[in-house]
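Below: one structure, written as structure tokens.
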Amino acid sequence: MIITKPPMGWNSWNTFGEHISEQLIMETADKMVEDGYLAAGYEYLIIDDCWSLRKRGEDGRIVPDPQKFPHGMKYVADYVHSKGLKFGMYSCAGLMTCADYPGSYDHEFVDAQTFAEWGVDYLKYDYCNFPKTADCQHRYRVMSMALKATGRDILFAACNWGHHECQHWMKSAGAHTYRSTGDIFDKFSSTMWIAQDQARKLYASGPNCFNDMDMLTVGMYGKGNVGMVDPEDPTKALPTDEEYKTQFALWCAFGSPLMIGGDIRNMNAFCKELLQNERLISINQDAACNAPIVLESSEDAIVFARHMSDNSVVLGMVNGGSEPARMYMFLDEIGLPADAPYVLRGTDAFTGEDLGVISDYILGEVPAHGCRLIRATIEKK
């Protein structure tokens, strides 16, 4: 199985956590089609943790919770497939999942076969409750082999949070994506921390093994399983639309899988338009899959450039500060010195607005927690 571009889809964890059900998944599948998410490229619908009973069945297989999924997983998978979507599920390399449901340790082959029989197309494979004496690399290789042995194409989304410098070996283990960061939360500091942490690991990201920066929180506004609403003051420090623009721009420009974590059944117009922005998605899905050139990565700023397959270049400046800031990028730093007989012609990556000729440097004010993202072509002076 070859994955040439970062996968796109929806995952239940960020908003719903353990509060998942057959009805929720089917309603979400309907919305992914009706509201244009599938057409925009979001093809995977993934059930995260908490879908099973607490104990395996007498045959050693994991049993779906009959209260949450009364018709079983094959029924759910068939419904998802009937909508033109692909179906994803969750397990864990440890003895138990992160929510203490049965993990796949020492059950890799039977679990992989079970998933294949249900019609699973994507497996998120977590790392909680992993025995301290066990070999992390070996166990991810075992599940990789177990999935291949089923004969079904199943995307292997490895999630070990960066333990044992996984960016160096996850591709050779057969994983199609690798999570090398801790979990995201619905606050801007979490977005910045993940982007800064991953900036130094993106060199290992590329076709058939993409760096996964975790699920998006766009559209959550502090609600849900990883929401950060203060129960004593529900209006305090809610995420802003500007912060969501920055998050989505970073995930697209850094080539991360795009897994929506908000409730798309109730997504507002701004976030829906942002998540389906063709210009931004085209950057994420670019055929070259080049890692960005990171010029600066700090608590207050992230500045980067990324070469695209059509010979354009994406230029990004993120203001991590709480006040508007004048930010700059010298084109010499990305390979276009002032004495070169060429300049750039820029387009706003969000709106498509023509920004005209850019020579020598970019300078401008960037909103607090905001960003500028420009796609530029090279032309003669």
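Residues in the structure tokens are numbered from 1 in each chain, the chains being A, B, ... in the order shown, and ligands are numbered from 1 in the order shown.
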*Near Pro292 of chain A, within 6 Å and counting only C-alpha atoms, which residues show up once chain neighbours fewer than 2 positions away are dropped, as a ChimeraX atom specification?*
/A:294,305-306
*How would you write, as an MDAnalysis selection string, the set of residues in segment 183-322 of chain A that DSSP gives as strand (DSSP E)?*
chainID A and resid 210:212 258:260 293:297 301:307 313:319
*Pick from A:Val218, A:Cys166, A:Ala112, A:Val76, whichever lies nearest to Ala269 of chain A using only C-alpha atoms*: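 For Ala269 of chain A, the nearest of the given residues is A:Val218.
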_For Arg345 of chain A, find every residue with an atom within 12 Å (counting only C-alpha atoms), except residues of its own chain fewer than 5 positions away, and show them as an MDAnalysis selection string._
chainID A and resid 312:315 353:360 362 374:381
*Name the closest residue to Asn266 of chain A among the candidates A:Ala199, A:Val343, A:Met32, A:Ala301; distances are taken between atoms, counting only C-alpha atoms.*
A:Met32
